[in-house]
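What follows is one structure encoded as structure tokens, with my remarks underneath.
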Amino acid sequence: MKFWSLFLWCTLWLPANSQVIQSVLLDQNTHQPVVGASIFFNGTSFYELSDEQGHFAIPIKQQINTALIITHVSYNMQSYSAPYTNIPDTIFLQEK
């Protein structure tokens with residue numbers, strides 16, 4: 001009985017605590033999507049690439065206390081120290 005209670009609690013509780021960090025990356029000058037940018041939480045294995053529309057989404061099951069880093073070979077790196085509260089819907093990247 002204890003096993004089923006624990007299983008039911010974990011099943012209901014864990015998905016409610018998951019979050020998705022997502023945004024769209026655009027070129028600051030042309031407003032065209034930035035394809036293939038690397039987005040990751042510094043020091044972790046949570047990693048994503050922006051798609052053809054510049055969109056990325058990283059599902060996170062627990063809050064991570066590290067910066068979200070956005071890099072691309074043609075653009076300046078951007079860092080967000082509090083990605084759970086200040087990630088804009090659209091991020092404009094500046095060319096190097």
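Chain labels A, B, ... are given in the sequence in which chains occur in the structure tokens; within each chain residues are numbered consecutively from 1, and ligands are likewise numbered from 1 in the order shown.
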DSSP on the backbone: what in region 2-90 of chain A comes out strand (DSSP E or B), as a ChimeraX atom specification? /A:19-27,33,38-41,47-49,55-60,68-72,75-80,90
For the residues selected in the previous step, produce a file with N, CA and C atoms as an mmCIF file, in the first residue's frame.
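Wrote selection.cif, looks like this:
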data_model
loop_
_atom_site.group_PDB
_atom_site.id
_atom_site.type_symbol
_atom_site.label_atom_id
_atom_site.label_comp_id
_atom_site.auth_asym_id
_atom_site.auth_seq_id
_atom_site.Cartn_x
_atom_site.Cartn_y
_atom_site.Cartn_z
ATOM 1 N N GLN A 19 9.166 22.632 -15.766
ATOM 2 C CA GLN A 19 9.048 23.924 -16.413
ATOM 3 C C GLN A 19 9.769 23.849 -17.749
ATOM 4 N N VAL A 20 9.371 24.681 -18.684
ATOM 5 C CA VAL A 20 10.039 24.752 -19.974
ATOM 6 C C VAL A 20 10.582 26.160 -20.152
ATOM 7 N N ILE A 21 11.885 26.257 -20.363
ATOM 8 C CA ILE A 21 12.526 27.527 -20.681
ATOM 9 C C ILE A 21 12.536 27.608 -22.202
ATOM 10 N N GLN A 22 11.859 28.629 -22.759
ATOM 11 C CA GLN A 22 11.765 28.711 -24.209
ATOM 12 C C GLN A 22 11.758 30.157 -24.680
ATOM 13 N N SER A 23 12.178 30.340 -25.919
ATOM 14 C CA SER A 23 12.213 31.669 -26.516
ATOM 15 C C SER A 23 12.467 31.502 -28.013
ATOM 16 N N VAL A 24 12.523 32.619 -28.713
ATOM 17 C CA VAL A 24 12.860 32.648 -30.134
ATOM 18 C C VAL A 24 14.068 33.563 -30.284
ATOM 19 N N LEU A 25 15.072 33.098 -31.035
ATOM 20 C CA LEU A 25 16.277 33.877 -31.271
ATOM 21 C C LEU A 25 16.210 34.520 -32.649
ATOM 22 N N LEU A 26 16.381 35.848 -32.683
ATOM 23 C CA LEU A 26 16.357 36.580 -33.947
ATOM 24 C C LEU A 26 17.603 37.446 -34.073
ATOM 25 N N ASP A 27 18.036 37.661 -35.316
ATOM 26 C CA ASP A 27 19.119 38.577 -35.602
ATOM 27 C C ASP A 27 18.666 39.993 -35.262
ATOM 28 N N PRO A 33 15.366 34.564 -38.163
ATOM 29 C CA PRO A 33 15.661 33.551 -37.140
ATOM 30 C C PRO A 33 17.144 33.193 -37.119
ATOM 31 N N SER A 38 23.462 27.454 -29.819
ATOM 32 C CA SER A 38 23.544 26.550 -28.671
ATOM 33 C C SER A 38 22.984 27.264 -27.446
ATOM 34 N N ILE A 39 22.061 26.607 -26.772
ATOM 35 C CA ILE A 39 21.463 27.148 -25.555
ATOM 36 C C ILE A 39 21.654 26.101 -24.467
ATOM 37 N N PHE A 40 22.273 26.497 -23.357
ATOM 38 C CA PHE A 40 22.538 25.527 -22.301
ATOM 39 C C PHE A 40 22.631 26.203 -20.946
ATOM 40 N N PHE A 41 22.419 25.415 -19.906
ATOM 41 C CA PHE A 41 22.629 25.870 -18.538
ATOM 42 C C PHE A 41 24.088 25.601 -18.201
ATOM 43 N N TYR A 47 20.795 21.065 -22.645
ATOM 44 C CA TYR A 47 21.327 21.653 -23.860
ATOM 45 C C TYR A 47 20.291 21.576 -24.970
ATOM 46 N N GLU A 48 20.236 22.591 -25.796
ATOM 47 C CA GLU A 48 19.304 22.597 -26.935
ATOM 48 C C GLU A 48 19.910 23.446 -28.051
ATOM 49 N N LEU A 49 19.467 23.193 -29.274
ATOM 50 C CA LEU A 49 19.829 24.016 -30.430
ATOM 51 C C LEU A 49 18.577 24.719 -30.929
ATOM 52 N N HIS A 55 13.498 29.017 -32.691
ATOM 53 C CA HIS A 55 12.856 28.614 -31.431
ATOM 54 C C HIS A 55 13.691 27.562 -30.705
ATOM 55 N N PHE A 56 13.684 27.645 -29.386
ATOM 56 C CA PHE A 56 14.248 26.588 -28.563
ATOM 57 C C PHE A 56 13.364 26.381 -27.342
ATOM 58 N N ALA A 57 13.407 25.184 -26.801
ATOM 59 C CA ALA A 57 12.662 24.851 -25.585
ATOM 60 C C ALA A 57 13.473 23.809 -24.819
ATOM 61 N N ILE A 58 13.748 24.108 -23.551
ATOM 62 C CA ILE A 58 14.483 23.182 -22.692
ATOM 63 C C ILE A 58 13.578 22.802 -21.518
ATOM 64 N N PRO A 59 13.110 21.549 -21.488
ATOM 65 C CA PRO A 59 12.289 21.127 -20.343
ATOM 66 C C PRO A 59 13.178 20.894 -19.119
ATOM 67 N N ILE A 60 12.776 21.443 -17.992
ATOM 68 C CA ILE A 60 13.530 21.342 -16.749
ATOM 69 C C ILE A 60 12.591 20.816 -15.667
ATOM 70 N N LEU A 68 21.812 30.696 -17.900
ATOM 71 C CA LEU A 68 21.475 30.172 -19.209
ATOM 72 C C LEU A 68 22.365 30.908 -20.212
ATOM 73 N N ILE A 69 23.093 30.143 -21.033
ATOM 74 C CA ILE A 69 24.048 30.699 -21.984
ATOM 75 C C ILE A 69 23.541 30.450 -23.404
ATOM 76 N N ILE A 70 23.646 31.483 -24.258
ATOM 77 C CA ILE A 70 23.265 31.366 -25.673
ATOM 78 C C ILE A 70 24.489 31.740 -26.496
ATOM 79 N N THR A 71 24.934 30.796 -27.339
ATOM 80 C CA THR A 71 26.106 31.050 -28.172
ATOM 81 C C THR A 71 25.820 30.657 -29.619
ATOM 82 N N HIS A 72 26.522 31.323 -30.518
ATOM 83 C CA HIS A 72 26.471 31.017 -31.952
ATOM 84 C C HIS A 72 27.766 31.552 -32.548
ATOM 85 N N TYR A 75 27.459 35.231 -33.669
ATOM 86 C CA TYR A 75 26.833 36.222 -32.788
ATOM 87 C C TYR A 75 27.549 36.304 -31.452
ATOM 88 N N ASN A 76 27.398 37.435 -30.779
ATOM 89 C CA ASN A 76 27.934 37.593 -29.436
ATOM 90 C C ASN A 76 27.167 36.711 -28.455
ATOM 91 N N MET A 77 27.889 36.156 -27.493
ATOM 92 C CA MET A 77 27.273 35.318 -26.478
ATOM 93 C C MET A 77 26.352 36.159 -25.589
ATOM 94 N N GLN A 78 25.249 35.556 -25.161
ATOM 95 C CA GLN A 78 24.364 36.189 -24.188
ATOM 96 C C GLN A 78 24.192 35.250 -23.001
ATOM 97 N N SER A 79 24.066 35.826 -21.833
ATOM 98 C CA SER A 79 23.907 35.059 -20.610
ATOM 99 C C SER A 79 22.757 35.643 -19.800
ATOM 100 N N TYR A 80 21.953 34.764 -19.221
ATOM 101 C CA TYR A 80 20.844 35.166 -18.346
ATOM 102 C C TYR A 80 21.057 34.508 -16.996
ATOM 103 N N THR A 90 11.216 36.824 -27.092
ATOM 104 C CA THR A 90 12.090 36.965 -28.247
ATOM 105 C C THR A 90 13.423 37.546 -27.784
#
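Inside region 39-87 of chain A, the residues DSSP reads as helix (DSSP H, G or I) when given the backbone are Pro83, Tyr84, Thr85 and Asn86 of chain A.
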Atomic separation - CA of Phe46 (chain A) relative to CA of Glu95 (chain A), Å: 24.8 Å
Quick one: everything within 9 Å of Thr66 (chain A), counting only C-alpha atoms, minus sequence neighbours fewer than 2 positions away in the same chain. Send it as a PyMOL selection string. chain A and resi 41-44+64+68+80-83
Keeping only N, CA and C atoms, write the selected residues to a file as a PDB file, in the first residue's frame.
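Output below, filename again32.pdb:
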ATOM      1  N   PHE A  41      22.419  25.415 -19.906  1.00  0.00           N
ATOM      2  CA  PHE A  41      22.629  25.870 -18.538  1.00  0.00           C
ATOM      3  C   PHE A  41      24.088  25.601 -18.201  1.00  0.00           C
ATOM      4  N   ASN A  42      24.802  26.651 -17.808  1.00  0.00           N
ATOM      5  CA  ASN A  42      26.226  26.562 -17.544  1.00  0.00           C
ATOM      6  C   ASN A  42      26.535  25.463 -16.527  1.00  0.00           C
ATOM      7  N   GLY A  43      27.449  24.572 -16.882  1.00  0.00           N
ATOM      8  CA  GLY A  43      27.870  23.511 -15.978  1.00  0.00           C
ATOM      9  C   GLY A  43      26.934  22.327 -15.893  1.00  0.00           C
ATOM     10  N   THR A  44      25.960  22.228 -16.797  1.00  0.00           N
ATOM     11  CA  THR A  44      25.011  21.108 -16.778  1.00  0.00           C
ATOM     12  C   THR A  44      24.963  20.446 -18.153  1.00  0.00           C
ATOM     13  N   ILE A  64      17.345  25.185 -11.670  1.00  0.00           N
ATOM     14  CA  ILE A  64      18.797  25.095 -11.657  1.00  0.00           C
ATOM     15  C   ILE A  64      19.343  26.486 -11.353  1.00  0.00           C
ATOM     16  N   LEU A  68      21.812  30.696 -17.900  1.00  0.00           N
ATOM     17  CA  LEU A  68      21.475  30.172 -19.209  1.00  0.00           C
ATOM     18  C   LEU A  68      22.365  30.908 -20.212  1.00  0.00           C
ATOM     19  N   TYR A  80      21.953  34.764 -19.221  1.00  0.00           N
ATOM     20  CA  TYR A  80      20.844  35.166 -18.346  1.00  0.00           C
ATOM     21  C   TYR A  80      21.057  34.508 -16.996  1.00  0.00           C
ATOM     22  N   SER A  81      21.326  35.322 -15.979  1.00  0.00           N
ATOM     23  CA  SER A  81      21.631  34.771 -14.655  1.00  0.00           C
ATOM     24  C   SER A  81      20.390  34.246 -13.933  1.00  0.00           C
ATOM     25  N   ALA A  82      19.216  34.741 -14.283  1.00  0.00           N
ATOM     26  CA  ALA A  82      17.970  34.282 -13.657  1.00  0.00           C
ATOM     27  C   ALA A  82      16.986  33.863 -14.749  1.00  0.00           C
ATOM     28  N   PRO A  83      17.265  32.755 -15.437  1.00  0.00           N
ATOM     29  CA  PRO A  83      16.448  32.381 -16.598  1.00  0.00           C
ATOM     30  C   PRO A  83      15.003  32.014 -16.283  1.00  0.00           C
TER      31      PRO A  83
END
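The smallest atom-to-atom distance between Lys96 (chain A) and any of A:Gln28, A:Ser18, A:Gln53, A:Gln63, using only C-alpha atoms, is found for A:Gln28.
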Calculate how many Å separate CA of Val34 (chain A) from CA of Gln62 (chain A), rounding to one decimal. 27.5 Å
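With CA of Asp51 (chain A) on one side and CA of Asn65 (chain A) on the other, the separation reads 25.6 Å.
Proximity of A:Ser45, A:Gly54, A:Lys61, A:Thr85 to His31 (chain A), computed with only C-alpha atoms, is greatest for A:Gly54.
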Contacts of Asn29 (chain A) at 9 Å or less, counting only C-alpha atoms, minus same-chain residues fewer than 6 places along, as a PyMOL selection string? chain A and resi 92-95
